[in-house]
Amino acid sequence: MKKILVIGACGQIGTELTAALRQRYGQTAVIAADITGADVQLNVMDKVALHSLVLKEKVVEIYHLAAMLSASGEQQPTKAWELNMQGLLNVLNVAKTDQLKVFWPSSIAVFGPSSPKAFAPQHSVAEPSTVYGISKVAGELWCQYYHAQYGVDVRSLRYPGLISHTAQPGGGTTDYAVDIFHQALKHRQYTNFIKAHTAMPMMYMPDAIRATLELMDAPAEKLSIRTGYNVHALSFTPEQLAAEITKHLPAFKMYYKPDFRQQIADSWPASVNDKCARDDWGWQPYYDLSGMVTDMLKNLSSRSAAQH
């Protein structure tokens, strides 16, 4: 049986990716690992424990999702760098030794103030202003290096901001686009830490999970990018998102109180060019803004009703 290890399985992406992998391959084929709360307790910084788990379970594929995100990383930059870099290197070294296939998420945070604002190309200036972004640029280059030097089949997506109804916000700059739904349903208002007209690339989680699986399914010879593929789905401002929510909840009000995360948001592009992903493995998003908002509110409302 093909064994798959998901590291960081209790996080925003990990929760839904683990479920999708289990639906596809079966419950026992997917090992959910995290520091706490998962099937297996694992700290990816412990390379001995990581290698032991891979050997014991005969793992052939790793989805390495454990990381400190952009806003959290700015509070603890050295810790963020150590976790984001050393964790990836531990996974890559195990993959090199045992010939494993690896997925590692990159991010739009690789871009910075000097990157193009509209439809930032696949190959662009990458001078990020956050430690999270710096770790993602370095991580992309490590992935490319391990592929070129050791033949490690490592694949990556530059995720935009991800919006999910199953996981709480996880410390990212784009997380306002998750929290706003919870606050809109509970209190009919939200105070945003991002300014009204700041557009950022976003994606609904079902599209992100599908993109991940499609990339991992793609034949190796079709892939031209071993750093991180740009993937585009949505681009909207807080004002546009609020207007869409108001169609469903007319009493909803948005207020603005920008904080340090505004500077991070300003350093990122408003949209990315994902022609390479579309050409190489046929990427196409499914959800638009209206469809995403409708589905988020429906799912969160259903969950709230079930709890009461």
# chains A, B, ... in the order shown; residues from 1 in each chain; ligands from 1
>>> closest_atom_pairs(of="stretch 47-104 of chain A", to="stretch 162-170 of chain A", cutoff="12 Å", atoms="only C-alpha atoms", output="CSV")
residue,atom,partner,partner_atom,distance
A:Ala66,CA,A:Gly170,CA,11.5
A:Ala67,CA,A:Gly170,CA,10.3
A:Met68,CA,A:Gly170,CA,8.8
A:Leu69,CA,A:Gly170,CA,7.4
A:Ser70,CA,A:Gly170,CA,9.6
A:Ala71,CA,A:Gly170,CA,9.2
A:Ser72,CA,A:Gly170,CA,8.5
A:Gly73,CA,A:Gly170,CA,11.3
>>> select_by_dssp(residues="stretch 73-267 of chain A", states="helix (DSSP H, G or I)", output="number ranges by chain")
A: 73-75, 77-98, 108-110, 131-150, 173-187, 205-217, 220-222, 238-248, 260-266
>>> closest_residue(among="A:His182, A:Thr198, A:Ser224, A:Tyr132", to="A:Arg303", atoms="only C-alpha atoms")
A:His182
>>> closest_atom_pairs(of="stretch 161-212 of chain A", to="stretch 102-109 of chain A", cutoff="9 Å", atoms="only C-alpha atoms", output="tab-separated table")
residue	atom	partner	partner_atom	distance
A:Gly161	CA	A:Ile108	CA	8.1
A:Pro201	CA	A:Ile108	CA	7.9
A:Thr212	CA	A:Phe103	CA	8.1
>>> residues_around(residues="A:Gly14", least_positions_apart="5", cutoff="10 Å", atoms="only C-alpha atoms", output="list in words")
Val6, Ile7, Gly8, Ala9, Ala19, Ala20, Ala32, Ala33, Asp34, Tyr63, His64, Leu65, Ala66, Ala167 and Ile209 of chain A
>>> write_last_selection(atoms="N, CA and C atoms", output="tab-separated table (two decimals), in the first residue's frame")
chain	number	residue	atom	x	y	z
A	6	VAL	N	1.56	13.35	5.94
A	6	VAL	CA	1.24	14.77	5.93
A	6	VAL	C	1.80	15.39	7.21
A	7	ILE	N	2.76	16.28	7.07
A	7	ILE	CA	3.38	16.95	8.21
A	7	ILE	C	2.74	18.33	8.35
A	8	GLY	N	2.26	18.65	9.55
A	8	GLY	CA	1.47	19.86	9.74
A	8	GLY	C	0.03	19.59	9.38
A	9	ALA	N	-0.44	18.39	9.69
A	9	ALA	CA	-1.76	17.93	9.25
A	9	ALA	C	-2.91	18.64	9.96
A	19	ALA	N	-7.88	15.07	4.61
A	19	ALA	CA	-9.20	14.49	4.31
A	19	ALA	C	-9.32	14.11	2.84
A	20	ALA	N	-8.81	14.97	1.95
A	20	ALA	CA	-8.89	14.70	0.51
A	20	ALA	C	-8.03	13.50	0.12
A	32	ALA	N	-1.38	11.28	9.38
A	32	ALA	CA	-1.47	12.69	9.76
A	32	ALA	C	-0.53	12.95	10.93
A	33	ALA	N	0.45	13.82	10.72
A	33	ALA	CA	1.44	14.11	11.76
A	33	ALA	C	1.48	15.61	12.06
A	34	ASP	N	1.61	15.92	13.35
A	34	ASP	CA	1.74	17.31	13.78
A	34	ASP	C	2.35	17.30	15.17
A	63	TYR	N	3.83	15.29	2.22
A	63	TYR	CA	3.32	16.65	2.06
A	63	TYR	C	3.78	17.41	3.29
A	64	HIS	N	4.74	18.30	3.10
A	64	HIS	CA	5.35	19.00	4.24
A	64	HIS	C	4.76	20.40	4.36
A	65	LEU	N	3.84	20.59	5.31
A	65	LEU	CA	3.08	21.82	5.43
A	65	LEU	C	3.42	22.63	6.67
A	66	ALA	N	4.22	22.09	7.58
A	66	ALA	CA	4.52	22.78	8.83
A	66	ALA	C	5.34	24.04	8.58
A	167	ALA	N	-11.13	25.55	8.82
A	167	ALA	CA	-10.00	25.88	9.71
A	167	ALA	C	-10.06	27.34	10.12
A	209	ILE	N	-6.75	22.67	-2.76
A	209	ILE	CA	-6.54	21.23	-2.58
A	209	ILE	C	-6.49	20.54	-3.93
>>> residues_around(residues="stretch 150-153 of chain A", least_positions_apart="2", cutoff="7 Å", atoms="only C-alpha atoms", output="PDB file with N, CA and C atoms, in the first residue's frame")
ATOM      1  N   ALA A  95      13.973  12.631   1.803  1.00  0.00           N
ATOM      2  CA  ALA A  95      13.516  12.311   0.445  1.00  0.00           C
ATOM      3  C   ALA A  95      14.673  11.889  -0.443  1.00  0.00           C
ATOM      4  N   LYS A  96      15.810  12.535  -0.277  1.00  0.00           N
ATOM      5  CA  LYS A  96      17.009  12.180  -1.041  1.00  0.00           C
ATOM      6  C   LYS A  96      17.481  10.774  -0.683  1.00  0.00           C
ATOM      7  N   GLN A  99      14.376   8.250  -1.572  1.00  0.00           N
ATOM      8  CA  GLN A  99      13.741   8.414  -2.889  1.00  0.00           C
ATOM      9  C   GLN A  99      12.234   8.648  -2.772  1.00  0.00           C
ATOM     10  N   LYS A 101       8.754  11.204  -2.943  1.00  0.00           N
ATOM     11  CA  LYS A 101       8.145  12.320  -3.655  1.00  0.00           C
ATOM     12  C   LYS A 101       7.662  13.328  -2.612  1.00  0.00           C
ATOM     13  N   VAL A 102       7.866  14.625  -2.859  1.00  0.00           N
ATOM     14  CA  VAL A 102       7.585  15.645  -1.849  1.00  0.00           C
ATOM     15  C   VAL A 102       6.729  16.772  -2.428  1.00  0.00           C
ATOM     16  N   TYR A 146      17.750  20.399  -4.873  1.00  0.00           N
ATOM     17  CA  TYR A 146      17.654  18.964  -4.567  1.00  0.00           C
ATOM     18  C   TYR A 146      17.119  18.179  -5.764  1.00  0.00           C
ATOM     19  N   HIS A 147      16.274  18.821  -6.571  1.00  0.00           N
ATOM     20  CA  HIS A 147      15.813  18.155  -7.789  1.00  0.00           C
ATOM     21  C   HIS A 147      16.945  18.033  -8.802  1.00  0.00           C
ATOM     22  N   ALA A 148      17.675  19.132  -8.999  1.00  0.00           N
ATOM     23  CA  ALA A 148      18.745  19.145 -10.012  1.00  0.00           C
ATOM     24  C   ALA A 148      19.936  18.281  -9.603  1.00  0.00           C
ATOM     25  N   ARG A 155       7.780  19.097  -5.576  1.00  0.00           N
ATOM     26  CA  ARG A 155       6.860  19.953  -6.321  1.00  0.00           C
ATOM     27  C   ARG A 155       6.264  20.999  -5.385  1.00  0.00           C
TER      28      ARG A 155
END
>>> select_by_dssp(residues="stretch 8-186 of chain A", states="strand (DSSP E or B)", output="PyMOL selection string")
chain A and resi 30-34+40-41+59-64+101-103+106-107+120+153-155+157-159+161-163
>>> write_last_selection(atoms="N, CA and C atoms", output="short mmCIF file (atom, residue, chain, number, x, y, z; two decimals), in the first residue's frame")
data_model
loop_
_atom_site.label_atom_id
_atom_site.label_comp_id
_atom_site.auth_asym_id
_atom_site.auth_seq_id
_atom_site.Cartn_x
_atom_site.Cartn_y
_atom_site.Cartn_z
N VAL A 30 -2.90 7.23 4.75
CA VAL A 30 -2.45 8.60 5.00
C VAL A 30 -2.16 8.79 6.49
N ILE A 31 -0.93 9.14 6.80
CA ILE A 31 -0.51 9.36 8.19
C ILE A 31 -0.53 10.86 8.47
N ALA A 32 -1.38 11.28 9.38
CA ALA A 32 -1.47 12.69 9.76
C ALA A 32 -0.53 12.95 10.93
N ALA A 33 0.45 13.82 10.72
CA ALA A 33 1.44 14.11 11.76
C ALA A 33 1.48 15.61 12.06
N ASP A 34 1.61 15.92 13.35
CA ASP A 34 1.74 17.31 13.78
C ASP A 34 2.35 17.30 15.17
N VAL A 40 -0.18 11.02 14.68
CA VAL A 40 1.21 10.81 15.10
C VAL A 40 1.80 12.14 15.55
N GLN A 41 2.43 12.14 16.71
CA GLN A 41 3.11 13.35 17.20
C GLN A 41 4.49 13.41 16.57
N VAL A 59 6.87 5.06 4.11
CA VAL A 59 6.32 6.25 3.43
C VAL A 59 6.99 6.43 2.08
N VAL A 60 6.19 6.77 1.06
CA VAL A 60 6.75 7.02 -0.27
C VAL A 60 6.51 8.47 -0.72
N GLU A 61 5.63 9.18 0.01
CA GLU A 61 5.27 10.55 -0.41
C GLU A 61 5.06 11.40 0.84
N ILE A 62 5.62 12.60 0.84
CA ILE A 62 5.46 13.52 1.98
C ILE A 62 4.86 14.84 1.50
N TYR A 63 3.83 15.29 2.22
CA TYR A 63 3.32 16.65 2.06
C TYR A 63 3.78 17.41 3.29
N HIS A 64 4.74 18.30 3.10
CA HIS A 64 5.35 19.00 4.24
C HIS A 64 4.76 20.40 4.36
N LYS A 101 8.75 11.20 -2.94
CA LYS A 101 8.14 12.32 -3.65
C LYS A 101 7.66 13.33 -2.61
N VAL A 102 7.87 14.63 -2.86
CA VAL A 102 7.59 15.65 -1.85
C VAL A 102 6.73 16.77 -2.43
N PHE A 103 5.74 17.20 -1.64
CA PHE A 103 5.06 18.47 -1.90
C PHE A 103 5.40 19.43 -0.78
N SER A 106 4.94 26.79 -1.38
CA SER A 106 5.52 28.13 -1.39
C SER A 106 4.36 29.12 -1.28
N SER A 107 4.60 30.37 -1.63
CA SER A 107 3.62 31.41 -1.35
C SER A 107 3.85 32.64 -2.22
N ALA A 120 1.95 39.36 -11.64
CA ALA A 120 3.38 39.09 -11.44
C ALA A 120 3.76 37.79 -12.14
N ASP A 153 12.06 14.29 -6.49
CA ASP A 153 10.84 14.73 -7.16
C ASP A 153 10.05 15.61 -6.19
N VAL A 154 10.44 16.87 -6.10
CA VAL A 154 9.80 17.81 -5.19
C VAL A 154 9.02 18.82 -6.02
N ARG A 155 7.78 19.10 -5.58
CA ARG A 155 6.86 19.95 -6.32
C ARG A 155 6.26 21.00 -5.39
N LEU A 157 3.67 24.81 -5.06
CA LEU A 157 2.78 25.86 -5.54
C LEU A 157 3.01 27.13 -4.73
N ARG A 158 2.95 28.26 -5.39
CA ARG A 158 2.96 29.53 -4.68
C ARG A 158 1.51 29.86 -4.32
N TYR A 159 1.09 29.35 -3.16
CA TYR A 159 -0.29 29.59 -2.75
C TYR A 159 -0.56 31.09 -2.57
N GLY A 161 -3.51 33.82 -0.80
CA GLY A 161 -4.24 33.72 0.45
C GLY A 161 -5.31 32.65 0.33
N LEU A 162 -5.42 31.78 1.33
CA LEU A 162 -6.35 30.65 1.26
C LEU A 162 -7.53 30.87 2.20
N ILE A 163 -8.73 30.61 1.69
CA ILE A 163 -9.97 30.85 2.43
C ILE A 163 -10.67 29.52 2.65
#
>>> closest_atom_pairs(of="stretch 92-145 of chain A", to="stretch 262-273 of chain A", cutoff="6 Å", atoms="only C-alpha atoms", output="Markdown table")
| residue | atom | partner | partner_atom | distance |
| --- | --- | --- | --- | --- |
| A:Phe111 | CA | A:Trp268 | CA | 5.8 |
| A:Gly112 | CA | A:Ser267 | CA | 4.8 |
| A:Pro113 | CA | A:Ser267 | CA | 4.4 |
| A:Lys117 | CA | A:Pro269 | CA | 4.1 |
| A:Ala118 | CA | A:Ser271 | CA | 5.3 |
| A:Phe119 | CA | A:Val272 | CA | 3.8 |
| A:Ala120 | CA | A:Val272 | CA | 4.4 |
| A:Pro121 | CA | A:Asn273 | CA | 4.9 |
>>> write_last_selection(atoms="C-alpha atoms", output="short mmCIF file (atom, residue, chain, number, x, y, z; two decimals), in the first residue's frame")
data_model
loop_
_atom_site.label_atom_id
_atom_site.label_comp_id
_atom_site.auth_asym_id
_atom_site.auth_seq_id
_atom_site.Cartn_x
_atom_site.Cartn_y
_atom_site.Cartn_z
CA PHE A 111 7.24 38.59 -4.17
CA GLY A 112 8.15 41.95 -2.69
CA PRO A 113 7.85 45.71 -3.23
CA LYS A 117 1.87 44.53 -8.94
CA ALA A 118 -0.39 43.22 -11.70
CA PHE A 119 -0.09 39.62 -12.89
CA ALA A 120 3.38 39.09 -11.44
CA PRO A 121 5.09 36.64 -13.81
#
>>> residues_around(residues="A:His197", least_positions_apart="5", cutoff="7 Å", atoms="only C-alpha atoms", output="list in words")
Thr237, Pro238 and Glu239 of chain A
>>> residues_around(residues="A:Leu241", least_positions_apart="5", cutoff="8 Å", atoms="only C-alpha atoms", output="PyMOL selection string")
chain A and resi 177+236+289
>>> write_last_selection(atoms="N, CA and C atoms", output="short mmCIF file (atom, residue, chain, number, x, y, z; two decimals), in the first residue's frame")
data_model
loop_
_atom_site.label_atom_id
_atom_site.label_comp_id
_atom_site.auth_asym_id
_atom_site.auth_seq_id
_atom_site.Cartn_x
_atom_site.Cartn_y
_atom_site.Cartn_z
N ALA A 177 -9.61 37.47 5.27
CA ALA A 177 -10.62 36.94 4.35
C ALA A 177 -11.24 35.64 4.85
N PHE A 236 -9.19 40.23 -5.02
CA PHE A 236 -10.22 41.18 -4.59
C PHE A 236 -9.71 42.02 -3.44
N LEU A 289 -15.49 34.88 -6.96
CA LEU A 289 -15.77 35.52 -5.67
C LEU A 289 -17.18 35.23 -5.18
#
>>> residues_around(residues="A:Gln122", least_positions_apart="3", cutoff="9 Å", atoms="only C-alpha atoms", output="ChimeraX atom specification")
/A:228-230,272-276
>>> write_last_selection(atoms="C-alpha atoms", output="PDB file, in the first residue's frame")
ATOM      1  CA  GLY A 228       7.076  27.022  -7.069  1.00  0.00           C
ATOM      2  CA  TYR A 229       4.291  27.381  -9.624  1.00  0.00           C
ATOM      3  CA  ASN A 230       2.247  30.593  -9.671  1.00  0.00           C
ATOM      4  CA  VAL A 272      -0.133  36.637 -10.525  1.00  0.00           C
ATOM      5  CA  ASN A 273       0.387  35.200 -13.998  1.00  0.00           C
ATOM      6  CA  ASP A 274      -0.072  31.417 -13.856  1.00  0.00           C
ATOM      7  CA  LYS A 275       0.441  30.559 -17.538  1.00  0.00           C
ATOM      8  CA  CYS A 276       3.125  27.968 -16.678  1.00  0.00           C
TER       9      CYS A 276
END
>>> closest_residue(among="A:Met45, A:Ala242, A:Leu89, A:Ala218", to="A:Trp283", atoms="only C-alpha atoms")
A:Ala218
>>> closest_residue(among="A:Ala38, A:Leu83, A:Ile4, A:Leu234", to="A:Ala199", atoms="only C-alpha atoms")
A:Leu234
>>> closest_residue(among="A:Met216, A:Leu100, A:Leu88, A:Ala184", to="A:Trp142", atoms="only C-alpha atoms")
A:Leu88
>>> atom_distance(atom1="atom CA of A:Val125", atom2="atom CA of A:Ala211")
24.2 Å
